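Peer 1: If it helps, the file is called upload.pdb and holds PDB, C-alpha atoms:
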```
ATOM      1  CA  MET T   1    -110.219-104.972  84.518
ATOM      2  CA  PRO T   2    -110.777-102.667  87.519
ATOM      3  CA  ALA T   3    -107.689-100.578  86.758
ATOM      4  CA  ALA T   4    -109.151 -99.389  83.446
ATOM      5  CA  PRO T   5    -112.079 -97.374  84.862
ATOM      6  CA  ALA T   6    -109.750 -96.119  87.603
ATOM      7  CA  ILE T   7    -107.385 -94.692  84.976
ATOM      8  CA  THR T   8    -110.328 -93.169  83.107
ATOM      9  CA  ALA T   9    -111.575 -91.577  86.323
ATOM     10  CA  LEU T  10    -108.096 -90.233  87.154
ATOM     11  CA  ALA T  11    -107.845 -88.659  83.698
ATOM     12  CA  ALA T  12    -111.299 -87.106  84.045
ATOM     13  CA  CYS T  13    -110.386 -85.603  87.408
ATOM     14  CA  ARG T  14    -107.078 -84.292  86.035
ATOM     15  CA  THR T  15    -108.954 -82.695  83.113
ATOM     16  CA  GLY T  16    -111.154 -80.672  85.415
ATOM     17  CA  ALA T  17    -114.149 -82.848  86.256
ATOM     18  CA  GLY T  18    -115.431 -81.617  89.613
ATOM     19  CA  LEU T  19    -116.784 -85.052  90.502
ATOM     20  CA  CYS T  20    -116.117 -88.441  88.955
ATOM     21  CA  ARG T  21    -117.928 -91.611  89.947
ATOM     22  CA  ILE T  22    -116.970 -95.148  88.937
ATOM     23  CA  ALA T  23    -119.853 -97.543  88.272
ATOM     24  CA  THR T  24    -118.877-101.213  88.217
ATOM     25  CA  VAL T  25    -119.762-104.511  89.850
ATOM     26  CA  LYS T  26    -119.326-104.703  93.602
ATOM     27  CA  GLU T  27    -116.412-107.140  93.375
ATOM     28  CA  ALA T  28    -114.332-104.682  91.316
ATOM     29  CA  LEU T  29    -115.452-101.400  92.833
ATOM     30  CA  SER T  30    -113.214-101.424  95.903
ATOM     31  CA  ILE T  31    -110.151-102.144  93.746
ATOM     32  CA  ALA T  32    -110.990 -99.325  91.321
ATOM     33  CA  LEU T  33    -111.546 -96.833  94.133
ATOM     34  CA  THR T  34    -108.288 -97.843  95.799
ATOM     35  CA  LEU T  35    -106.469 -97.104  92.545
ATOM     36  CA  CYS T  36    -108.310 -93.784  92.144
ATOM     37  CA  PRO T  37    -109.310 -92.544  95.609
ATOM     38  CA  SER T  38    -110.359 -89.153  94.197
ATOM     39  CA  ALA T  39    -113.408 -90.823  92.628
ATOM     40  CA  THR T  40    -116.504 -92.151  94.337
ATOM     41  CA  GLY T  41    -118.347 -95.335  93.435
ATOM     42  CA  PHE T  42    -121.626 -96.937  92.441
ATOM     43  CA  ALA T  43    -122.168-100.702  92.582
ATOM     44  CA  LEU T  44    -123.901-102.098  89.520
ATOM     45  CA  SER T  45    -126.650-104.680  89.896
ATOM     46  CA  SER T  46    -127.587-107.105  87.136
ATOM     47  CA  ARG T  47    -131.182-106.999  88.370
ATOM     48  CA  ASP T  48    -131.691-103.245  88.540
ATOM     49  CA  ALA T  49    -131.352-101.517  85.168
ATOM     50  CA  LYS T  50    -133.414 -98.566  86.400
ATOM     51  CA  ALA T  51    -130.853 -97.775  89.100
ATOM     52  CA  LEU T  52    -128.129 -97.621  86.468
ATOM     53  CA  LEU T  53    -130.174 -95.284  84.276
ATOM     54  CA  ASP T  54    -131.023 -93.063  87.252
ATOM     55  CA  PHE T  55    -127.315 -92.987  88.101
ATOM     56  CA  ALA T  56    -126.363 -92.013  84.533
ATOM     57  CA  ASP T  57    -128.994 -89.274  84.461
ATOM     58  CA  GLN T  58    -127.347 -87.599  87.457
ATOM     59  CA  HIS T  59    -124.187 -86.846  85.475
ATOM     60  CA  ASP T  60    -123.221 -84.425  82.704
ATOM     61  CA  ALA T  61    -121.335 -87.070  80.715
ATOM     62  CA  VAL T  62    -120.911 -90.839  80.880
ATOM     63  CA  ALA T  63    -117.908 -92.876  79.691
ATOM     64  CA  VAL T  64    -118.669 -96.524  78.927
ATOM     65  CA  GLY T  65    -116.356 -99.397  78.098
ATOM     66  CA  PRO T  66    -112.949 -99.322  79.831
ATOM     67  CA  GLY T  67    -112.514-102.602  81.704
ATOM     68  CA  LEU T  68    -116.167-103.535  81.152
ATOM     69  CA  GLY T  69    -115.743-106.965  79.597
ATOM     70  CA  GLN T  70    -118.223-108.511  77.178
ATOM     71  CA  SER T  71    -120.468-110.503  79.490
ATOM     72  CA  PRO T  72    -124.259-110.545  79.114
ATOM     73  CA  LEU T  73    -124.429-107.919  81.884
ATOM     74  CA  ALA T  74    -121.941-105.710  80.048
ATOM     75  CA  LYS T  75    -123.945-105.994  76.839
ATOM     76  CA  LYS T  76    -127.142-105.132  78.727
ATOM     77  CA  ILE T  77    -125.470-102.045  80.226
ATOM     78  CA  VAL T  78    -124.301-100.731  76.864
ATOM     79  CA  LEU T  79    -127.627-101.297  75.095
ATOM     80  CA  GLU T  80    -129.738 -99.918  77.954
ATOM     81  CA  LEU T  81    -127.665 -96.746  78.170
ATOM     82  CA  LEU T  82    -127.748 -96.130  74.422
ATOM     83  CA  ALA T  83    -131.478 -96.725  74.197
ATOM     84  CA  ARG T  84    -132.680 -94.994  77.351
ATOM     85  CA  HIS T  85    -130.054 -92.483  78.491
ATOM     86  CA  SER T  86    -130.249 -89.358  76.339
ATOM     87  CA  GLY T  87    -127.171 -87.581  77.722
ATOM     88  CA  PRO T  88    -123.752 -87.465  76.026
ATOM     89  CA  MET T  89    -121.594 -90.559  76.181
ATOM     90  CA  VAL T  90    -118.072 -91.608  75.238
ATOM     91  CA  LEU T  91    -117.825 -95.253  74.135
ATOM     92  CA  ASP T  92    -114.475 -97.027  74.194
ATOM     93  CA  ALA T  93    -112.903-100.472  74.506
ATOM     94  CA  ASP T  94    -115.441-103.183  75.348
ATOM     95  CA  ALA T  95    -118.417-100.921  74.636
ATOM     96  CA  LEU T  96    -117.151-100.775  71.044
ATOM     97  CA  ASN T  97    -116.459-104.512  71.028
ATOM     98  CA  ILE T  98    -120.027-105.156  72.124
ATOM     99  CA  LEU T  99    -121.437-102.920  69.370
ATOM    100  CA  SER T 100    -119.325-104.722  66.796
ATOM    101  CA  THR T 101    -120.956-108.074  67.683
ATOM    102  CA  LEU T 102    -124.552-106.884  67.327
ATOM    103  CA  GLU T 103    -126.887-108.314  64.757
ATOM    104  CA  ALA T 104    -128.847-105.759  62.763
ATOM    105  CA  SER T 105    -131.978-106.321  64.849
ATOM    106  CA  GLU T 106    -130.116-105.802  68.132
ATOM    107  CA  TRP T 107    -129.002-102.216  67.549
ATOM    108  CA  PRO T 108    -130.703 -99.907  70.055
ATOM    109  CA  LYS T 109    -133.012 -97.169  68.902
ATOM    110  CA  ARG T 110    -131.701 -93.779  69.975
ATOM    111  CA  LYS T 111    -133.062 -90.335  69.142
ATOM    112  CA  ASN T 112    -129.740 -88.525  69.253
ATOM    113  CA  TRP T 113    -126.594 -90.333  68.169
ATOM    114  CA  SER T 114    -124.702 -87.077  67.588
ATOM    115  CA  ASN T 115    -123.866 -86.729  71.304
ATOM    116  CA  VAL T 116    -122.153 -90.141  71.330
ATOM    117  CA  VAL T 117    -118.366 -90.246  70.810
ATOM    118  CA  LEU T 118    -116.817 -93.481  69.537
ATOM    119  CA  THR T 119    -113.064 -93.893  70.136
ATOM    120  CA  PRO T 120    -111.893 -96.965  68.192
ATOM    121  CA  HIS T 121    -108.355 -97.910  67.293
ATOM    122  CA  THR T 122    -107.864 -99.376  63.816
ATOM    123  CA  VAL T 123    -108.911-102.954  64.628
ATOM    124  CA  GLU T 124    -111.994-101.803  66.540
ATOM    125  CA  PHE T 125    -112.818 -99.505  63.623
ATOM    126  CA  MET T 126    -112.825-102.408  61.169
ATOM    127  CA  ARG T 127    -115.066-104.462  63.445
ATOM    128  CA  LEU T 128    -117.499-101.577  63.822
ATOM    129  CA  MET T 129    -117.649-100.997  60.087
ATOM    130  CA  GLY T 130    -118.559-104.640  59.673
ATOM    131  CA  ALA T 131    -121.351-104.262  62.226
ATOM    132  CA  VAL T 132    -122.913-101.130  60.738
ATOM    133  CA  THR T 133    -123.028-102.678  57.269
ATOM    134  CA  LYS T 134    -124.744-105.896  58.326
ATOM    135  CA  ARG T 135    -128.075-104.806  56.901
ATOM    136  CA  ARG T 136    -126.972-104.824  53.298
ATOM    137  CA  GLY T 137    -129.812-106.485  51.496
ATOM    138  CA  SER T 138    -131.987-106.718  54.621
ATOM    139  CA  LEU T 139    -135.712-106.058  54.698
ATOM    140  CA  GLU T 140    -135.261-102.331  55.329
ATOM    141  CA  ILE T 141    -133.614-100.304  52.561
ATOM    142  CA  ALA T 142    -133.269 -96.613  51.908
ATOM    143  CA  SER T 143    -135.974 -94.985  49.829
ATOM    144  CA  HIS T 144    -137.178 -91.525  48.895
ATOM    145  CA  ALA T 145    -140.153 -90.315  50.896
ATOM    146  CA  THR T 146    -143.420 -90.381  48.986
ATOM    147  CA  SER T 147    -145.835 -87.488  48.972
ATOM    148  CA  GLU T 148    -148.166 -89.503  51.208
ATOM    149  CA  GLN T 149    -145.484 -89.982  53.860
ATOM    150  CA  PRO T 150    -144.251 -87.366  56.318
ATOM    151  CA  GLN T 151    -140.850 -86.045  55.307
ATOM    152  CA  GLU T 152    -138.016 -87.610  57.256
ATOM    153  CA  LYS T 153    -134.319 -87.012  57.223
ATOM    154  CA  HIS T 154    -133.648 -90.667  56.415
ATOM    155  CA  PRO T 155    -136.934 -92.297  55.272
ATOM    156  CA  VAL T 156    -136.951 -96.057  54.817
ATOM    157  CA  ALA T 157    -139.157 -98.503  52.946
ATOM    158  CA  THR T 158    -139.835-102.171  53.640
ATOM    159  CA  ALA T 159    -139.154-104.922  51.159
ATOM    160  CA  SER T 160    -142.825-105.019  50.213
ATOM    161  CA  ASP T 161    -142.481-101.495  48.760
ATOM    162  CA  THR T 162    -139.667-102.449  46.415
ATOM    163  CA  THR T 163    -139.026-104.554  43.341
ATOM    164  CA  PRO T 164    -136.588-107.506  43.310
ATOM    165  CA  ALA T 165    -134.166-105.432  41.252
ATOM    166  CA  GLU T 166    -134.235-102.645  43.853
ATOM    167  CA  LEU T 167    -133.555-105.171  46.599
ATOM    168  CA  GLU T 168    -130.586-106.529  44.671
ATOM    169  CA  ASN T 169    -129.204-103.025  44.236
ATOM    170  CA  ALA T 170    -129.735-102.324  47.920
ATOM    171  CA  ALA T 171    -127.703-105.391  48.811
ATOM    172  CA  GLU T 172    -124.710-103.764  47.151
ATOM    173  CA  ALA T 173    -125.088-100.488  49.071
ATOM    174  CA  TYR T 174    -123.705 -99.781  52.507
ATOM    175  CA  CYS T 175    -126.378 -99.215  55.112
ATOM    176  CA  THR T 176    -126.378 -98.203  58.742
ATOM    177  CA  ALA T 177    -127.604-100.511  61.451
ATOM    178  CA  ASP T 178    -131.029 -98.933  61.036
ATOM    179  CA  GLY T 179    -131.081 -99.795  57.340
ATOM    180  CA  VAL T 180    -130.435 -96.238  56.152
ATOM    181  CA  ALA T 181    -128.207 -95.910  53.112
ATOM    182  CA  ILE T 182    -124.929 -94.084  53.600
ATOM    183  CA  ASP T 183    -123.997 -91.322  51.195
ATOM    184  CA  PHE T 184    -120.361 -91.906  50.333
ATOM    185  CA  GLU T 185    -119.907 -88.927  48.047
ATOM    186  CA  PRO T 186    -116.361 -87.648  48.604
ATOM    187  CA  GLU T 187    -115.918 -84.566  50.733
ATOM    188  CA  SER T 188    -112.971 -82.263  51.099
ATOM    189  CA  PRO T 189    -110.454 -83.248  53.778
ATOM    190  CA  PRO T 190    -110.434 -81.134  56.936
ATOM    191  CA  ALA T 191    -109.042 -77.652  56.620
ATOM    192  CA  ALA T 192    -105.660 -76.858  58.133
ATOM    193  CA  VAL T 193    -106.003 -75.682  61.715
ATOM    194  CA  GLU T 194    -102.876 -74.941  63.699
ATOM    195  CA  GLY T 195    -102.416 -77.383  66.536
ATOM    196  CA  SER T 196    -105.269 -79.649  65.488
ATOM    197  CA  VAL T 197    -104.897 -80.664  61.875
ATOM    198  CA  ASN T 198    -101.864 -82.303  60.373
ATOM    199  CA  THR T 199    -100.210 -80.223  57.645
ATOM    200  CA  GLY T 200     -96.705 -81.720  57.891
ATOM    201  CA  GLU T 201     -94.914 -84.538  56.127
ATOM    202  CA  SER T 202     -97.723 -87.021  56.792
ATOM    203  CA  ALA T 203    -100.281 -84.889  54.969
ATOM    204  CA  ALA T 204    -100.619 -87.492  52.207
ATOM    205  CA  VAL T 205    -101.647 -90.108  54.778
ATOM    206  CA  ALA T 206    -103.739 -87.989  57.130
ATOM    207  CA  PRO T 207    -106.731 -87.254  54.840
ATOM    208  CA  ASP T 208    -107.149 -91.009  54.284
ATOM    209  CA  ARG T 209    -107.455 -91.579  58.030
ATOM    210  CA  TRP T 210    -109.926 -88.738  58.256
ATOM    211  CA  ALA T 211    -111.953 -90.223  55.405
ATOM    212  CA  LEU T 212    -112.213 -93.527  57.276
ATOM    213  CA  ALA T 213    -113.339 -91.764  60.445
ATOM    214  CA  GLU T 214    -115.833 -89.752  58.395
ATOM    215  CA  ILE T 215    -117.341 -92.899  56.880
ATOM    216  CA  LEU T 216    -118.001 -94.408  60.306
ATOM    217  CA  SER T 217    -119.296 -91.072  61.606
ATOM    218  CA  ARG T 218    -121.813 -90.775  58.792
ATOM    219  CA  ALA T 219    -122.757 -94.455  59.132
ATOM    220  CA  THR T 220    -123.576 -94.149  62.829
ATOM    221  CA  GLY T 221    -124.383 -90.479  63.334
ATOM    222  CA  CYS T 222    -121.730 -90.361  66.074
ATOM    223  CA  VAL T 223    -118.549 -88.376  66.556
ATOM    224  CA  VAL T 224    -115.672 -90.714  65.689
ATOM    225  CA  VAL T 225    -112.131 -90.583  67.060
ATOM    226  CA  LEU T 226    -109.972 -92.961  65.018
ATOM    227  CA  LYS T 227    -106.966 -93.466  67.286
ATOM    228  CA  GLY T 228    -103.395 -94.029  66.175
ATOM    229  CA  HIS T 229    -100.584 -92.042  64.589
ATOM    230  CA  ARG T 230    -102.239 -88.759  63.566
ATOM    231  CA  THR T 231    -105.548 -89.526  65.280
ATOM    232  CA  ALA T 232    -108.486 -88.461  63.100
ATOM    233  CA  ILE T 233    -111.706 -86.919  64.407
ATOM    234  CA  ALA T 234    -114.900 -86.671  62.329
ATOM    235  CA  ASP T 235    -118.475 -85.659  63.060
ATOM    236  CA  GLY T 236    -120.198 -86.206  59.731
ATOM    237  CA  GLY T 237    -119.061 -82.980  58.118
ATOM    238  CA  ARG T 238    -116.148 -81.465  59.986
ATOM    239  CA  GLY T 239    -112.869 -83.147  60.756
ATOM    240  CA  ALA T 240    -109.430 -82.780  62.286
ATOM    241  CA  ILE T 241    -106.116 -84.608  62.225
ATOM    242  CA  ASN T 242    -104.149 -84.381  65.460
ATOM    243  CA  GLN T 243    -100.469 -83.442  65.539
ATOM    244  CA  THR T 244     -99.575 -84.084  69.181
ATOM    245  CA  GLY T 245     -98.483 -87.393  70.694
ATOM    246  CA  ASN T 246     -95.617 -89.820  70.167
ATOM    247  CA  PRO T 247     -94.773 -93.552  69.876
ATOM    248  CA  ALA T 248     -94.010 -93.843  73.592
ATOM    249  CA  MET T 249     -97.753 -93.535  74.210
ATOM    250  CA  ALA T 250     -98.381 -96.944  72.632
ATOM    251  CA  THR T 251     -98.752 -98.587  76.040
ATOM    252  CA  ALA T 252    -101.641-100.092  77.980
ATOM    253  CA  GLY T 253    -104.201 -97.695  79.423
ATOM    254  CA  MET T 254    -103.564 -94.712  77.128
ATOM    255  CA  GLY T 255    -106.962 -95.139  75.512
ATOM    256  CA  ASP T 256    -108.573 -95.160  78.957
ATOM    257  CA  VAL T 257    -106.903 -91.817  79.650
ATOM    258  CA  LEU T 258    -108.251 -90.318  76.415
ATOM    259  CA  THR T 259    -111.766 -91.523  77.231
ATOM    260  CA  GLY T 260    -111.628 -89.752  80.588
ATOM    261  CA  VAL T 261    -110.287 -86.558  79.016
ATOM    262  CA  ILE T 262    -113.052 -86.320  76.409
ATOM    263  CA  ALA T 263    -115.785 -87.195  78.923
ATOM    264  CA  ALA T 264    -114.532 -84.540  81.349
ATOM    265  CA  LEU T 265    -114.516 -81.853  78.656
ATOM    266  CA  ILE T 266    -118.066 -82.748  77.615
ATOM    267  CA  GLY T 267    -119.081 -82.640  81.273
ATOM    268  CA  GLN T 268    -117.803 -79.058  81.425
ATOM    269  CA  GLY T 269    -120.165 -77.972  78.662
ATOM    270  CA  ILE T 270    -118.059 -78.437  75.519
ATOM    271  CA  ALA T 271    -119.895 -79.940  72.544
ATOM    272  CA  PRO T 272    -118.967 -83.607  71.932
ATOM    273  CA  ALA T 273    -117.205 -82.989  68.600
ATOM    274  CA  ASP T 274    -115.223 -80.041  69.964
ATOM    275  CA  ALA T 275    -114.423 -81.978  73.137
ATOM    276  CA  ALA T 276    -113.091 -84.823  71.008
ATOM    277  CA  VAL T 277    -110.773 -82.518  69.028
ATOM    278  CA  LEU T 278    -109.519 -80.693  72.124
ATOM    279  CA  GLY T 279    -109.290 -83.900  74.157
ATOM    280  CA  VAL T 280    -107.142 -85.698  71.592
ATOM    281  CA  HIS T 281    -104.873 -82.657  71.328
ATOM    282  CA  ILE T 282    -104.470 -82.285  75.116
ATOM    283  CA  HIS T 283    -103.943 -86.025  75.561
ATOM    284  CA  GLY T 284    -101.131 -86.042  72.993
ATOM    285  CA  LEU T 285     -99.608 -82.865  74.415
ATOM    286  CA  ALA T 286     -99.473 -84.434  77.883
ATOM    287  CA  GLY T 287     -97.790 -87.448  76.284
ATOM    288  CA  ASP T 288     -95.189 -85.211  74.663
ATOM    289  CA  MET T 289     -94.520 -83.547  78.018
ATOM    290  CA  ALA T 290     -94.189 -86.957  79.673
ATOM    291  CA  VAL T 291     -91.536 -87.996  77.157
ATOM    292  CA  GLU T 292     -89.568 -84.842  77.853
ATOM    293  CA  THR T 293     -89.717 -85.524  81.597
ATOM    294  CA  ILE T 294     -89.415 -89.314  81.768
ATOM    295  CA  GLY T 295     -87.906 -90.414  78.470
ATOM    296  CA  PRO T 296     -88.965 -92.216  75.292
ATOM    297  CA  ALA T 297     -89.483 -95.626  76.893
ATOM    298  CA  GLY T 298     -91.405 -96.925  79.879
ATOM    299  CA  LEU T 299     -94.176 -94.338  79.741
ATOM    300  CA  LEU T 300     -97.245 -95.241  81.824
ATOM    301  CA  ALA T 301    -100.820 -94.147  81.261
ATOM    302  CA  THR T 302    -100.838 -92.581  84.713
ATOM    303  CA  ASP T 303     -97.759 -90.520  83.798
ATOM    304  CA  VAL T 304     -99.765 -88.915  81.010
ATOM    305  CA  ALA T 305    -102.874 -88.514  83.162
ATOM    306  CA  ASN T 306    -100.938 -86.658  85.837
ATOM    307  CA  LEU T 307     -99.572 -84.195  83.293
ATOM    308  CA  LEU T 308    -102.998 -83.292  81.894
ATOM    309  CA  PRO T 309    -103.358 -80.140  84.062
ATOM    310  CA  LYS T 310    -100.021 -78.840  82.752
ATOM    311  CA  ALA T 311    -101.024 -79.640  79.160
ATOM    312  CA  LEU T 312    -104.333 -77.837  79.639
ATOM    313  CA  ALA T 313    -102.592 -74.793  81.103
ATOM    314  CA  THR T 314    -100.109 -74.725  78.213
ATOM    315  CA  ARG T 315    -102.870 -74.931  75.624
ATOM    316  CA  LEU T 316    -104.964 -72.262  77.336
ATOM    317  CA  ALA T 317    -101.941 -69.953  77.472
ATOM    318  CA  LYS T 318    -101.665 -70.194  73.680
ATOM    319  CA  SER T 319    -105.378 -69.497  73.101
TER     320      SER T 319
END
```
Let me see the structure of the file written as structure tokens.
Peer 2:
Amino acid sequence: MPAAPAITALAACRTGAGLCRIATVKEALSIALTLCPSATGFALSSRDAKALLDFADQHDAVAVGPGLGQSPLAKKIVLELLARHSGPMVLDADALNILSTLEASEWPKRKNWSNVVLTPHTVEFMRLMGAVTKRRGSLEIASHATSEQPQEKHPVATASDTTPAELENAAEAYCTADGVAIDFEPESPPAAVEGSVNTGESAAVAPDRWALAEILSRATGCVVVLKGHRTAIADGGRGAINQTGNPAMATAGMGDVLTGVIAALIGQGIAPADAAVLGVHIHGLAGDMAVETIGPAGLLATDVANLLPKALATRLAKS
């Protein structure tokens, strides 16, 4: 889908990215660059993973997934970037679909998951939760570190270290893809923050959405943006419920716009969790402005993308 990365690139440029480059296969690159001539391009090669990693390392933030598809090459791209590119990334669309199909042994090893932002809608969220719990009852289960072992944040033990009863109990516990048990002790919902956290009539619903986002955040170590009415953002401790946006934004390409917004903010030096909160707010605010200008029906993703500078200026004026 060459239009998807083009929309993401347009949104990134409109959010203040000084340079945006689209990386896709040669056959789609010319189409994407025609749709977004402000971006430049990089042709992906299925035989040269190093070139892709070198390309990613040249940038302050990388957005992966819009229009990518789920081919073997797409899967290789997602896994290589997660395993070998240490910079911040925003994962959306097919990048999330690829993660949701992984077996427990396929999950990439990554030192820092906290600079990865996942942006699932509700269906993608459910698929991802299924993927990160696949190791229930697997050979690796959570265990307390022994005095002979170096202290780790999330130590693990193999099946040989445990009794059959412990293995049975572990099978009933949720685990991350790395076999680390998830602590599901309830936490307080996000505090009320004007402009970011919902405190209106949907307050009874909003904390539940935040709790779902928080579960996936703690399961993966990533920042999670659970998209939908009152989008919820969680980073394993803090959270926000967005108040901007409207039903007219439920059209194709809106998620691609949000991905570009968050990636551009990260690229300008904002921490991934803060960029996610601000990005969701700005994205919804631009959507609200588009409705006022165009009307409540027929809104296009590009309409919202083109109003991002105005939304940013409005938000900055209130700061």
Peer 1: When distances are computed from all atoms listed in the file, which of T:Ala313, T:Val62, T:Ala232, T:Leu52 shows the smallest separation from Ile266 of chain T?
Peer 2: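 Under the stated criterion, the closest residue is T:Val62.
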Peer 1: For a quick check of understanding, using all atoms listed in the file, which of T:Leu53, T:Ile77, T:Leu29, T:Leu226 has the smallest distance to His121 of chain T?
Peer 2: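 Of T:Leu53, T:Ile77, T:Leu29, T:Leu226, the one nearest His121 of chain T is T:Leu226, counting all atoms listed in the file.
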Peer 1: Please expand the PyMOL selection byres ((chain T and resi 8) around 6) into the concrete residues it hits in this file, giving the result as a PDB file with C-alpha atoms, in the frame of the given file.
Peer 2:
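Now in result-v7.pdb:
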```pdb
ATOM      1  CA  PRO T   5    -112.079 -97.374  84.862  1.00  0.00           C
ATOM      2  CA  ALA T   6    -109.750 -96.119  87.603  1.00  0.00           C
ATOM      3  CA  ILE T   7    -107.385 -94.692  84.976  1.00  0.00           C
ATOM      4  CA  ALA T   9    -111.575 -91.577  86.323  1.00  0.00           C
ATOM      5  CA  LEU T  10    -108.096 -90.233  87.154  1.00  0.00           C
ATOM      6  CA  ALA T  11    -107.845 -88.659  83.698  1.00  0.00           C
ATOM      7  CA  ASP T 256    -108.573 -95.160  78.957  1.00  0.00           C
ATOM      8  CA  VAL T 257    -106.903 -91.817  79.650  1.00  0.00           C
ATOM      9  CA  GLY T 260    -111.628 -89.752  80.588  1.00  0.00           C
TER      10      GLY T 260
END
```
Peer 1: My list of candidates is T:Arg127, T:Arg218, T:His283, T:Arg209. Which is closest to Gly245 of chain T when distances are computed with only C-alpha atoms?
Peer 2: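 Smallest distance to Gly245 of chain T is found for T:His283.
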Peer 1: Report, in Å to a single decimal, how far apart atom CA of His59 of chain T and atom CA of Val116 of chain T are.
Peer 2: 14.7 Å
Peer 1: Give me the residues within 7 Å of Ser114 of chain T as a ChimeraX atom specification, counting only C-alpha atoms and dropping any in the same chain fewer than 3 places off.
Peer 2: /T:221-223
Peer 1: What are the centre and edge lengths in Å, to one decimal, of the axis-aligned box around all listed atoms of segment 252-264 of chain T with 5 Å added on each side, as JSON?
Peer 2:
```
{"center_x": -108.7, "center_y": -92.3, "center_z": 78.4, "size_x": 24.1, "size_y": 25.6, "size_z": 15.8}
```
Peer 1: Using the chain letters and numbers from the file, which residues does the PyMOL selection byres ((chain T and resi 34) around 12) grab, as a PDB file with C-alpha atoms, in the coordinates of the input?
Peer 2:
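Saved as expr10.pdb:
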```pdb
ATOM      1  CA  PRO T   2    -110.777-102.667  87.519  1.00  0.00           C
ATOM      2  CA  ALA T   3    -107.689-100.578  86.758  1.00  0.00           C
ATOM      3  CA  PRO T   5    -112.079 -97.374  84.862  1.00  0.00           C
ATOM      4  CA  ALA T   6    -109.750 -96.119  87.603  1.00  0.00           C
ATOM      5  CA  ILE T   7    -107.385 -94.692  84.976  1.00  0.00           C
ATOM      6  CA  ALA T   9    -111.575 -91.577  86.323  1.00  0.00           C
ATOM      7  CA  LEU T  10    -108.096 -90.233  87.154  1.00  0.00           C
ATOM      8  CA  ILE T  22    -116.970 -95.148  88.937  1.00  0.00           C
ATOM      9  CA  ALA T  28    -114.332-104.682  91.316  1.00  0.00           C
ATOM     10  CA  LEU T  29    -115.452-101.400  92.833  1.00  0.00           C
ATOM     11  CA  SER T  30    -113.214-101.424  95.903  1.00  0.00           C
ATOM     12  CA  ILE T  31    -110.151-102.144  93.746  1.00  0.00           C
ATOM     13  CA  ALA T  32    -110.990 -99.325  91.321  1.00  0.00           C
ATOM     14  CA  LEU T  33    -111.546 -96.833  94.133  1.00  0.00           C
ATOM     15  CA  LEU T  35    -106.469 -97.104  92.545  1.00  0.00           C
ATOM     16  CA  CYS T  36    -108.310 -93.784  92.144  1.00  0.00           C
ATOM     17  CA  PRO T  37    -109.310 -92.544  95.609  1.00  0.00           C
ATOM     18  CA  SER T  38    -110.359 -89.153  94.197  1.00  0.00           C
ATOM     19  CA  ALA T  39    -113.408 -90.823  92.628  1.00  0.00           C
ATOM     20  CA  THR T  40    -116.504 -92.151  94.337  1.00  0.00           C
ATOM     21  CA  GLY T  41    -118.347 -95.335  93.435  1.00  0.00           C
TER      22      GLY T  41
END
```
Peer 1: So what does the PyMOL selection byres ((chain T and resi 17) around 8) actually pick up in this one, as a VMD selection string?
Peer 2: chain T and resid 12 to 16 18 to 20 264 to 265 267 to 268
Peer 1: Can you tell me how far atom CA of Ala273 of chain T sits from atom CA of Met1 of chain T, in Å to one decimal?
Peer 2: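 Spanning atom CA of Ala273 of chain T to atom CA of Met1 of chain T is a straight-line distance of 28.0 Å.
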Peer 1: Work out how far atom CA of Asp54 of chain T is from atom CA of Ala276 of chain T, in Å to one decimal.
Peer 2: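 Between atom CA of Ala276 of chain T and atom CA of Asp54 of chain T the gap is 25.6 Å.
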Peer 1: Here is a test: counting all atoms listed in the file, which residue of T:Ala131, T:His229, T:Asn306, T:Leu118 is nearest to Glu214 of chain T?
Peer 2: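 Using all atoms listed in the file, Glu214 of chain T sits closest to T:Leu118.
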Peer 1: Applying 7 Å and only C-alpha atoms, which residues near segment 288-295 of chain T remain after dropping the ones on its own chain fewer than 6 positions away? List them as a list in words.
Peer 2: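 My list of contacting residues is Gly245, Asn246, Asp303 and Val304 of chain T.
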Peer 1: Take segment 245-252 of chain T, bring it up to N, CA and C atoms, and give me the output as a PDB file, in the coordinates of the input.
Peer 2:
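Produced file rebuild_39.pdb, reproduced below:
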```
ATOM      1  N   GLY T 245     -98.627 -85.990  70.357  1.00  0.00           N
ATOM      2  CA  GLY T 245     -98.483 -87.393  70.694  1.00  0.00           C
ATOM      3  C   GLY T 245     -97.219 -87.987  70.112  1.00  0.00           C
ATOM      4  N   ASN T 246     -96.876 -89.200  70.554  1.00  0.00           N
ATOM      5  CA  ASN T 246     -95.617 -89.820  70.167  1.00  0.00           C
ATOM      6  C   ASN T 246     -95.686 -91.330  70.366  1.00  0.00           C
ATOM      7  N   PRO T 247     -94.735 -92.085  69.791  1.00  0.00           N
ATOM      8  CA  PRO T 247     -94.773 -93.552  69.876  1.00  0.00           C
ATOM      9  C   PRO T 247     -94.681 -94.106  71.288  1.00  0.00           C
ATOM     10  N   ALA T 248     -94.119 -93.345  72.215  1.00  0.00           N
ATOM     11  CA  ALA T 248     -94.010 -93.843  73.592  1.00  0.00           C
ATOM     12  C   ALA T 248     -95.373 -94.020  74.241  1.00  0.00           C
ATOM     13  N   MET T 249     -96.405 -93.430  73.654  1.00  0.00           N
ATOM     14  CA  MET T 249     -97.753 -93.535  74.210  1.00  0.00           C
ATOM     15  C   MET T 249     -98.449 -94.836  73.818  1.00  0.00           C
ATOM     16  N   ALA T 250     -97.780 -95.674  73.044  1.00  0.00           N
ATOM     17  CA  ALA T 250     -98.381 -96.944  72.632  1.00  0.00           C
ATOM     18  C   ALA T 250     -98.237 -97.985  73.732  1.00  0.00           C
ATOM     19  N   THR T 251     -98.793 -97.674  74.901  1.00  0.00           N
ATOM     20  CA  THR T 251     -98.752 -98.587  76.040  1.00  0.00           C
ATOM     21  C   THR T 251    -100.146 -98.734  76.627  1.00  0.00           C
ATOM     22  N   ALA T 252    -100.324 -99.765  77.432  1.00  0.00           N
ATOM     23  CA  ALA T 252    -101.641-100.092  77.980  1.00  0.00           C
ATOM     24  C   ALA T 252    -102.216 -98.944  78.799  1.00  0.00           C
TER      25      ALA T 252
END
```
